[in-house]
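Student: Hey, dropping protein_9.pdb in here, PDB, C-alpha atoms:
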```
MODEL        1
ATOM      1  CA  MET A   5     -79.168 -11.223 -75.125
ATOM      2  CA  LYS A   6     -78.418 -13.176 -71.939
ATOM      3  CA  ASN A   7     -79.841 -11.689 -68.773
ATOM      4  CA  VAL A   8     -77.612  -9.709 -66.438
ATOM      5  CA  LYS A   9     -77.772 -12.240 -63.579
ATOM      6  CA  VAL A  10     -76.601 -15.091 -65.823
ATOM      7  CA  MET A  11     -73.758 -13.056 -67.329
ATOM      8  CA  GLU A  12     -72.658 -11.917 -63.878
ATOM      9  CA  ILE A  13     -72.466 -15.541 -62.674
ATOM     10  CA  VAL A  14     -70.598 -16.597 -65.836
ATOM     11  CA  SER A  15     -68.009 -13.883 -65.402
ATOM     12  CA  GLN A  16     -67.423 -14.708 -61.710
ATOM     13  CA  VAL A  17     -67.210 -18.445 -62.412
ATOM     14  CA  LYS A  18     -64.666 -17.780 -65.180
ATOM     15  CA  ALA A  19     -62.647 -15.653 -62.761
ATOM     16  CA  LEU A  20     -62.432 -18.729 -60.518
ATOM     17  CA  GLY A  21     -60.889 -20.593 -63.467
ATOM     18  CA  TYR A  22     -63.854 -22.816 -64.421
ATOM     19  CA  LYS A  23     -65.670 -23.230 -67.732
ATOM     20  CA  ILE A  24     -69.451 -23.090 -67.343
ATOM     21  CA  ASP A  25     -72.181 -24.367 -69.656
ATOM     22  CA  ILE A  26     -74.472 -21.330 -69.983
ATOM     23  CA  THR A  27     -77.505 -23.247 -71.269
ATOM     24  CA  LYS A  28     -77.320 -25.689 -68.351
ATOM     25  CA  LEU A  29     -76.878 -22.751 -65.959
ATOM     26  CA  GLU A  30     -80.020 -21.042 -67.297
ATOM     27  CA  ASN A  31     -82.035 -24.278 -67.042
ATOM     28  CA  ASP A  32     -80.776 -24.965 -63.526
ATOM     29  CA  LEU A  33     -81.535 -21.429 -62.325
ATOM     30  CA  LYS A  34     -85.115 -21.849 -63.521
ATOM     31  CA  GLU A  35     -85.426 -25.383 -62.155
ATOM     32  CA  TYR A  36     -84.038 -24.438 -58.742
ATOM     33  CA  PHE A  37     -86.312 -21.396 -58.481
ATOM     34  CA  GLU A  38     -89.384 -23.555 -59.172
ATOM     35  CA  PHE A  39     -88.210 -26.389 -56.926
ATOM     36  CA  GLU A  40     -87.466 -24.065 -54.009
ATOM     37  CA  LYS A  41     -90.862 -22.371 -54.388
ATOM     38  CA  GLU A  42     -92.638 -25.737 -54.065
ATOM     39  CA  ALA A  43     -90.327 -26.905 -51.258
ATOM     40  CA  ARG A  44     -90.741 -23.679 -49.245
ATOM     41  CA  SER A  45     -94.495 -23.898 -49.479
ATOM     42  CA  ILE A  46     -94.431 -27.528 -48.217
ATOM     43  CA  ARG A  47     -92.095 -26.632 -45.331
ATOM     44  CA  ARG A  48     -94.221 -23.632 -44.303
ATOM     45  CA  LYS A  49     -97.425 -25.655 -44.423
ATOM     46  CA  MET A  50     -96.164 -28.694 -42.510
ATOM     47  CA  ALA A  51     -94.033 -26.940 -39.886
ATOM     48  CA  ASP A  52     -95.189 -27.072 -36.270
ATOM     49  CA  TRP A  53     -95.029 -23.314 -35.651
ATOM     50  CA  LYS A  54     -96.010 -23.655 -32.010
ATOM     51  CA  PHE A  55     -93.006 -25.933 -31.430
ATOM     52  CA  ILE A  56     -90.688 -23.672 -33.474
ATOM     53  CA  ASN A  57     -91.705 -20.568 -31.559
ATOM     54  CA  SER A  58     -91.188 -22.365 -28.251
ATOM     55  CA  GLN A  59     -87.486 -22.985 -29.070
ATOM     56  CA  LYS A  60     -84.756 -20.866 -27.542
ATOM     57  CA  GLU A  61     -82.498 -18.724 -29.729
ATOM     58  CA  PRO A  62     -80.593 -19.316 -31.912
ATOM     59  CA  ARG A  63     -82.494 -22.551 -32.635
ATOM     60  CA  ARG A  64     -85.789 -20.765 -33.280
ATOM     61  CA  THR A  65     -84.228 -18.482 -35.888
ATOM     62  CA  ALA A  66     -82.266 -21.349 -37.429
ATOM     63  CA  LEU A  67     -85.485 -23.341 -37.917
ATOM     64  CA  ILE A  68     -87.181 -20.348 -39.549
ATOM     65  CA  VAL A  69     -84.138 -19.848 -41.802
ATOM     66  CA  TYR A  70     -84.418 -23.477 -42.873
ATOM     67  CA  VAL A  71     -88.151 -23.177 -43.587
ATOM     68  CA  GLU A  72     -87.583 -20.052 -45.682
ATOM     69  CA  THR A  73     -84.369 -20.999 -47.523
ATOM     70  CA  GLY A  74     -84.008 -24.791 -47.409
ATOM     71  CA  ASP A  75     -80.305 -24.223 -46.766
ATOM     72  CA  LEU A  76     -79.556 -27.021 -44.313
ATOM     73  CA  LYS A  77     -75.886 -26.227 -43.723
ATOM     74  CA  MET A  78     -76.525 -22.526 -43.181
ATOM     75  CA  ALA A  79     -79.381 -23.184 -40.734
ATOM     76  CA  CYS A  80     -77.324 -25.799 -38.930
ATOM     77  CA  LYS A  81     -74.463 -23.334 -38.494
ATOM     78  CA  LEU A  82     -76.871 -20.725 -37.108
ATOM     79  CA  ALA A  83     -78.247 -23.247 -34.629
ATOM     80  CA  ASP A  84     -74.679 -24.113 -33.597
ATOM     81  CA  MET A  85     -75.514 -27.813 -33.760
ATOM     82  CA  ILE A  86     -74.009 -30.790 -35.555
ATOM     83  CA  LEU A  87     -75.926 -31.792 -38.665
ATOM     84  CA  TRP A  88     -77.329 -35.036 -37.247
ATOM     85  CA  ASP A  89     -78.820 -33.220 -34.234
ATOM     86  CA  PHE A  90     -80.193 -30.387 -36.350
ATOM     87  CA  VAL A  91     -81.982 -32.843 -38.649
ATOM     88  CA  GLU A  92     -83.494 -34.449 -35.537
ATOM     89  CA  LEU A  93     -84.693 -30.987 -34.470
ATOM     90  CA  LEU A  94     -86.258 -30.529 -37.927
ATOM     91  CA  ARG A  95     -88.118 -33.808 -37.467
ATOM     92  CA  LYS A  96     -89.409 -32.730 -34.053
ATOM     93  CA  SER A  97     -90.501 -29.438 -35.629
ATOM     94  CA  ASN A  98     -92.289 -31.401 -38.361
ATOM     95  CA  ILE A  99     -90.266 -29.531 -40.998
ATOM     96  CA  PRO A 100     -89.657 -31.907 -43.881
ATOM     97  CA  ILE A 101     -86.480 -32.041 -45.954
ATOM     98  CA  VAL A 102     -87.768 -31.735 -49.508
ATOM     99  CA  LEU A 103     -85.708 -33.299 -52.283
TER     100      LEU A 103
ATOM    101  CA  MET B  27     -69.179 -52.638 -58.974
ATOM    102  CA  LYS B  28     -68.389 -49.027 -58.358
ATOM    103  CA  ILE B  29     -67.110 -47.133 -55.359
ATOM    104  CA  ALA B  30     -69.095 -44.232 -53.918
ATOM    105  CA  ILE B  31     -68.186 -41.366 -51.649
ATOM    106  CA  ALA B  32     -70.889 -40.131 -49.282
ATOM    107  CA  ASP B  33     -71.360 -36.842 -47.515
ATOM    108  CA  THR B  34     -73.204 -36.148 -44.286
ATOM    109  CA  CYS B  35     -76.562 -35.047 -45.681
ATOM    110  CA  PHE B  36     -76.905 -38.320 -47.579
ATOM    111  CA  LEU B  37     -75.831 -40.525 -44.668
ATOM    112  CA  ILE B  38     -78.059 -38.716 -42.171
ATOM    113  CA  ASN B  39     -81.096 -39.876 -44.093
ATOM    114  CA  TRP B  40     -79.954 -43.144 -45.639
ATOM    115  CA  LEU B  41     -78.705 -44.588 -42.326
ATOM    116  CA  LYS B  42     -82.276 -44.314 -41.000
ATOM    117  CA  TYR B  43     -83.703 -46.377 -43.857
ATOM    118  CA  LYS B  44     -84.572 -49.919 -42.810
ATOM    119  CA  ARG B  45     -83.190 -51.293 -46.111
ATOM    120  CA  LYS B  46     -80.017 -49.218 -45.929
ATOM    121  CA  ASP B  47     -77.823 -52.246 -46.709
ATOM    122  CA  ASP B  48     -79.411 -52.563 -50.167
ATOM    123  CA  ILE B  49     -77.109 -49.772 -51.325
ATOM    124  CA  PHE B  50     -74.330 -52.354 -51.482
ATOM    125  CA  LYS B  51     -76.117 -53.959 -54.430
ATOM    126  CA  LEU B  52     -74.925 -50.856 -56.317
ATOM    127  CA  PHE B  53     -71.577 -50.109 -54.670
ATOM    128  CA  LYS B  54     -68.909 -52.431 -53.340
ATOM    129  CA  LEU B  55     -67.562 -49.767 -51.014
ATOM    130  CA  ILE B  56     -68.572 -46.376 -49.649
ATOM    131  CA  MET B  57     -65.762 -43.971 -48.887
ATOM    132  CA  ILE B  58     -66.390 -41.465 -46.122
ATOM    133  CA  PRO B  59     -64.121 -38.460 -45.579
ATOM    134  CA  LEU B  60     -63.174 -38.128 -41.913
ATOM    135  CA  PRO B  61     -64.606 -34.564 -41.653
ATOM    136  CA  VAL B  62     -68.044 -36.107 -42.416
ATOM    137  CA  LEU B  63     -67.824 -38.237 -39.247
ATOM    138  CA  ASP B  64     -67.773 -35.138 -37.051
ATOM    139  CA  GLU B  65     -71.152 -34.059 -38.426
ATOM    140  CA  LEU B  66     -72.783 -37.441 -37.834
ATOM    141  CA  GLY B  67     -72.699 -37.357 -34.052
ATOM    142  CA  PRO B  68     -72.707 -40.429 -31.783
ATOM    143  CA  GLU B  69     -75.983 -41.912 -33.088
ATOM    144  CA  GLY B  70     -74.966 -41.631 -36.729
ATOM    145  CA  ARG B  71     -71.512 -43.035 -36.069
ATOM    146  CA  ALA B  72     -73.057 -45.981 -34.208
ATOM    147  CA  LEU B  73     -75.301 -46.785 -37.185
ATOM    148  CA  LEU B  74     -72.298 -46.493 -39.487
ATOM    149  CA  GLY B  75     -70.448 -48.958 -37.277
ATOM    150  CA  THR B  76     -72.486 -51.887 -38.628
ATOM    151  CA  TRP B  77     -71.170 -51.108 -42.117
ATOM    152  CA  VAL B  78     -67.617 -50.707 -40.835
ATOM    153  CA  ILE B  79     -67.715 -54.183 -39.229
ATOM    154  CA  ARG B  80     -68.727 -55.739 -42.544
ATOM    155  CA  GLY B  81     -66.033 -53.900 -44.486
ATOM    156  CA  TYR B  82     -68.495 -51.815 -46.503
ATOM    157  CA  VAL B  83     -66.939 -48.513 -45.500
ATOM    158  CA  SER B  84     -63.521 -46.956 -45.761
ATOM    159  CA  PHE B  85     -62.506 -43.613 -44.332
ATOM    160  CA  ILE B  86     -60.498 -41.010 -46.209
ATOM    161  CA  PRO B  87     -58.279 -38.711 -44.198
ATOM    162  CA  ARG B  88     -58.032 -35.042 -45.052
ATOM    163  CA  LEU B  89     -55.399 -34.668 -47.742
ATOM    164  CA  GLU B  90     -54.149 -31.109 -47.794
ATOM    165  CA  PHE B  91     -53.323 -31.045 -51.485
ATOM    166  CA  TYR B  92     -57.071 -31.220 -52.286
ATOM    167  CA  ASP B  93     -57.853 -28.270 -50.006
ATOM    168  CA  SER B  94     -57.449 -25.436 -52.500
ATOM    169  CA  GLU B  95     -59.775 -27.155 -54.998
ATOM    170  CA  ALA B  96     -62.348 -27.857 -52.259
ATOM    171  CA  TYR B  97     -62.320 -24.170 -51.270
ATOM    172  CA  ARG B  98     -62.729 -23.171 -54.924
ATOM    173  CA  ILE B  99     -65.907 -25.291 -55.049
ATOM    174  CA  ILE B 100     -67.244 -23.677 -51.867
ATOM    175  CA  GLU B 101     -66.695 -20.285 -53.531
ATOM    176  CA  LEU B 102     -68.361 -21.514 -56.714
ATOM    177  CA  ALA B 103     -71.521 -22.520 -54.818
ATOM    178  CA  LYS B 104     -71.616 -19.035 -53.274
ATOM    179  CA  ILE B 105     -71.329 -17.357 -56.682
ATOM    180  CA  ARG B 106     -74.127 -19.549 -58.033
ATOM    181  CA  ASN B 107     -76.253 -18.623 -55.005
ATOM    182  CA  LEU B 108     -76.802 -22.319 -54.365
ATOM    183  CA  PRO B 109     -77.431 -23.984 -51.010
ATOM    184  CA  LYS B 110     -74.297 -23.758 -48.889
ATOM    185  CA  ILE B 111     -71.567 -26.314 -49.524
ATOM    186  CA  ASP B 112     -69.234 -26.943 -46.618
ATOM    187  CA  TYR B 113     -65.748 -28.347 -46.700
ATOM    188  CA  PRO B 114     -66.727 -32.050 -46.273
ATOM    189  CA  GLU B 115     -69.132 -31.905 -49.244
ATOM    190  CA  ALA B 116     -66.708 -30.010 -51.453
ATOM    191  CA  TYR B 117     -64.003 -32.481 -50.478
ATOM    192  CA  CYS B 118     -66.263 -35.399 -51.561
ATOM    193  CA  LEU B 119     -66.696 -33.818 -54.980
ATOM    194  CA  VAL B 120     -62.968 -33.228 -55.451
ATOM    195  CA  ILE B 121     -62.035 -36.791 -54.431
ATOM    196  CA  ALA B 122     -64.805 -38.242 -56.642
ATOM    197  CA  SER B 123     -63.542 -36.248 -59.585
ATOM    198  CA  LYS B 124     -59.928 -37.356 -59.132
ATOM    199  CA  ARG B 125     -60.676 -41.026 -58.408
ATOM    200  CA  GLY B 126     -63.786 -41.761 -60.479
ATOM    201  CA  TYR B 127     -66.135 -42.302 -57.526
ATOM    202  CA  THR B 128     -69.889 -41.643 -57.515
ATOM    203  CA  VAL B 129     -70.953 -38.886 -55.090
ATOM    204  CA  LEU B 130     -73.838 -39.634 -52.745
ATOM    205  CA  THR B 131     -75.350 -36.386 -51.494
ATOM    206  CA  GLU B 132     -78.701 -34.687 -50.954
ATOM    207  CA  ASN B 133     -77.166 -31.273 -51.589
ATOM    208  CA  LYS B 134     -78.540 -29.883 -54.836
ATOM    209  CA  ALA B 135     -75.526 -27.615 -55.233
ATOM    210  CA  THR B 136     -73.278 -30.610 -55.922
ATOM    211  CA  LYS B 137     -75.615 -31.848 -58.657
ATOM    212  CA  TYR B 138     -75.835 -28.433 -60.304
ATOM    213  CA  ILE B 139     -72.049 -28.007 -60.263
ATOM    214  CA  THR B 140     -71.525 -31.311 -62.086
ATOM    215  CA  ARG B 141     -74.167 -30.360 -64.652
ATOM    216  CA  GLU B 142     -72.813 -26.884 -65.360
ATOM    217  CA  ILE B 143     -69.055 -26.895 -64.793
ATOM    218  CA  ASN B 144     -67.089 -28.593 -67.565
ATOM    219  CA  GLU B 145     -64.320 -29.733 -65.200
ATOM    220  CA  TYR B 146     -66.873 -31.744 -63.151
ATOM    221  CA  LYS B 147     -69.194 -33.087 -65.846
ATOM    222  CA  HIS B 148     -67.657 -36.566 -65.625
ATOM    223  CA  VAL B 149     -68.714 -36.978 -61.980
ATOM    224  CA  MET B 150     -71.906 -38.897 -61.256
ATOM    225  CA  VAL B 151     -73.955 -37.477 -58.368
ATOM    226  CA  LEU B 152     -76.859 -39.387 -56.822
ATOM    227  CA  ASP B 153     -79.280 -38.401 -54.096
ATOM    228  CA  SER B 154     -81.466 -40.852 -52.201
ATOM    229  CA  LEU B 155     -84.251 -40.807 -54.801
ATOM    230  CA  ASP B 156     -81.719 -41.623 -57.545
ATOM    231  CA  VAL B 157     -80.364 -44.498 -55.453
ATOM    232  CA  LEU B 158     -83.887 -45.847 -54.851
ATOM    233  CA  LEU B 159     -84.505 -45.603 -58.591
ATOM    234  CA  PHE B 160     -81.330 -47.538 -59.423
ATOM    235  CA  LEU B 161     -82.173 -50.196 -56.833
ATOM    236  CA  TYR B 162     -85.861 -50.747 -57.506
ATOM    237  CA  GLY B 163     -86.642 -48.876 -60.727
ATOM    238  CA  ASN B 164     -87.141 -52.043 -62.799
ATOM    239  CA  ASP B 165     -90.425 -52.690 -61.039
ATOM    240  CA  LYS B 166     -92.582 -49.572 -60.721
ATOM    241  CA  SER B 167     -94.906 -50.914 -58.036
ATOM    242  CA  LEU B 168     -91.909 -52.026 -55.958
ATOM    243  CA  LEU B 169     -90.305 -48.620 -56.495
ATOM    244  CA  VAL B 170     -93.425 -46.866 -55.185
ATOM    245  CA  LYS B 171     -93.469 -49.190 -52.168
ATOM    246  CA  ARG B 172     -89.788 -48.560 -51.398
ATOM    247  CA  ILE B 173     -90.103 -44.768 -51.835
ATOM    248  CA  LYS B 174     -93.025 -44.776 -49.403
ATOM    249  CA  GLU B 175     -90.981 -46.789 -46.899
ATOM    250  CA  TYR B 176     -88.067 -44.402 -47.296
ATOM    251  CA  VAL B 177     -90.287 -41.365 -46.743
ATOM    252  CA  GLN B 178     -91.787 -43.018 -43.663
ATOM    253  CA  ASN B 179     -88.364 -43.921 -42.199
ATOM    254  CA  THR B 180     -86.646 -40.604 -42.900
ATOM    255  CA  LYS B 181     -89.511 -38.042 -43.019
ATOM    256  CA  ILE B 182     -88.093 -36.768 -46.308
ATOM    257  CA  ILE B 183     -90.518 -35.505 -48.942
ATOM    258  CA  PHE B 184     -89.711 -35.816 -52.627
ATOM    259  CA  SER B 185     -90.889 -33.029 -54.885
ATOM    260  CA  GLU B 186     -94.048 -33.826 -56.838
ATOM    261  CA  LYS B 187     -92.306 -32.861 -60.082
ATOM    262  CA  ARG B 188     -89.526 -35.423 -59.585
ATOM    263  CA  ILE B 189     -92.022 -38.154 -58.705
ATOM    264  CA  ARG B 190     -94.111 -37.295 -61.802
ATOM    265  CA  GLU B 191     -90.974 -37.422 -63.985
ATOM    266  CA  LEU B 192     -90.422 -41.012 -62.833
ATOM    267  CA  GLY B 193     -93.849 -41.834 -64.252
ATOM    268  CA  ILE B 194     -95.205 -42.928 -60.884
ATOM    269  CA  SER B 195     -97.624 -41.688 -58.272
ATOM    270  CA  LEU B 196     -97.199 -42.208 -54.553
ATOM    271  CA  GLU B 197    -100.951 -42.692 -54.333
ATOM    272  CA  GLU B 198    -100.400 -46.117 -55.960
ATOM    273  CA  CYS B 199    -100.198 -49.380 -53.960
TER     274      CYS B 199
ENDMDL
END
```
I'd like the structure from this file rewritten - as structure tokens, please.

Tutor:
Amino acid sequence: MKNVKVMEIVSQVKALGYKIDITKLENDLKEYFEFEKEARSIRRKMADWKFINSQKEPRRTALIVYVETGDLKMACKLADMILWDFVELLRKSNIPIVL
Amino acid sequence: MKIAIADTCFLINWLKYKRKDDIFKLFKLIMIPLPVLDELGPEGRALLGTWVIRGYVSFIPRLEFYDSEAYRIIELAKIRNLPKIDYPEAYCLVIASKRGYTVLTENKATKYITREINEYKHVMVLDSLDVLLFLYGNDKSLLVKRIKEYVQNTKIIFSEKRIRELGISLEEC
């Protein structure tokens, strides 16, 4: 039996009018979970926390959101910056983009 | 040679790479949706200018009839709980699907969508590591050298798993 999370996603994706490959979805969910775990640990370890904590809001929170989630667009929106400038801020904060 | 369409997260990194022009060994033209330009800022647009002068880049205006499909993709990424996809990225995927372009993006959500959703399985999506692999993958020691350069120029880190899967180690060279 497929797990509840997978079936929930499948049903919502179908409601949007798309056909989804369930096996690929299951593999990707697992792969992304493992990738994000590794990436988060790298970001946490390398980040210059002194620099991050010295930033004014909302930049400080946006940087922490990026470290914890890896969601560049979301963090960028929170910082209220254009993407190019936010990536520069990541570099100054020593927070790597993990791919 | 093929045509690619690039989104902001790809360009933000690739434009900082000292061998950025090598990408035109793979693609004759890179299409850039106009909404992507807004996210590049003055510095990014200036770097892009060198490609524009040489005719390597063409801009795509926002075409309203692709809007509803782009918004459906944004919704899809939310349902999948993937990293956020914004309009410019979703727009790249829609255009690529309709016109047979390759998508250049660092956003994992785009890759997952083309793997899982039948309607998008025909779209090829490459991130910077894939591009480096296509460019230099025939020679493993050169590939390692170029990946190291790319990491140094962009401060990007590639996951250990992906590097292992390529059968290389960045400790080499």

Student: Chain B near chain A within 6 Å: what's each residue's closest atom pair and its distance in Å to one decimal, counting only C-alpha atoms, ordered by chain then ascending residue number, as a Markdown table?

Tutor:
```
| residue | atom | partner | partner_atom | distance |
| --- | --- | --- | --- | --- |
| B:Glu65 | CA | A:Ile86 | CA | 5.2 |
| B:Leu66 | CA | A:Trp88 | CA | 5.2 |
| B:Pro109 | CA | A:Asp75 | CA | 5.1 |
| B:Lys110 | CA | A:Lys77 | CA | 5.9 |
| B:Glu142 | CA | A:Asp25 | CA | 5.0 |
| B:Ile143 | CA | A:Ile24 | CA | 4.6 |
| B:Asn144 | CA | A:Lys23 | CA | 5.6 |
| B:Ile182 | CA | A:Ile101 | CA | 5.0 |
| B:Ile183 | CA | A:Val102 | CA | 4.7 |
| B:Phe184 | CA | A:Leu103 | CA | 4.7 |
| B:Ser185 | CA | A:Leu103 | CA | 5.8 |
```

Student: Go ahead and compute the interatomic distance for atom CA of B:Lys46 and atom CA of B:Glu115, in Å to one decimal.

Tutor: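 These two atoms are separated by 20.7 Å.
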
Student: Just say which residues the PyMOL selection byres ((chain B and resi 174-178) around 10) picks in this file, as a list in words.

Tutor: Pro100 of chain A; Asn39, Trp40, Lys42, Tyr43, Lys44, Arg45, Lys46, Ser154, Leu155, Leu158, Leu168, Leu169, Val170, Lys171, Arg172, Ile173, Asn179, Thr180, Lys181, Ile182, Ile183, Phe184, Leu196, Glu197, Glu198 and Cys199 of chain B

Student: One decimal, in Å: what's the spacing between atom CA of B:Leu37 and atom CA of B:Thr131?

Tutor: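 Atom-to-atom, atom CA of B:Leu37 to atom CA of B:Thr131, that is 8.0 Å.
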
Student: Could you tell me which of B:Tyr92, B:Leu192, B:Pro87, B:Ile121 comes closest to B:Asn164 if we count all atoms listed in the file?

Tutor: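 Among the listed residues, B:Leu192 lies closest to B:Asn164.
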
Student: On this structure, which residues satisfy the PyMOL selection byres ((chain A and resi 66) around 7), written as a PyMOL selection string?

Tutor: chain A and resi 62-65+67-70+79-80+82-83

Student: Go through B:Arg125, B:Lys134, B:Lys166, B:Arg98 and flag the residue nearest A:Ala19, using all atoms listed in the file for the distances.

Tutor: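 Of B:Arg125, B:Lys134, B:Lys166, B:Arg98, the one nearest A:Ala19, counting all atoms listed in the file, is B:Arg98.
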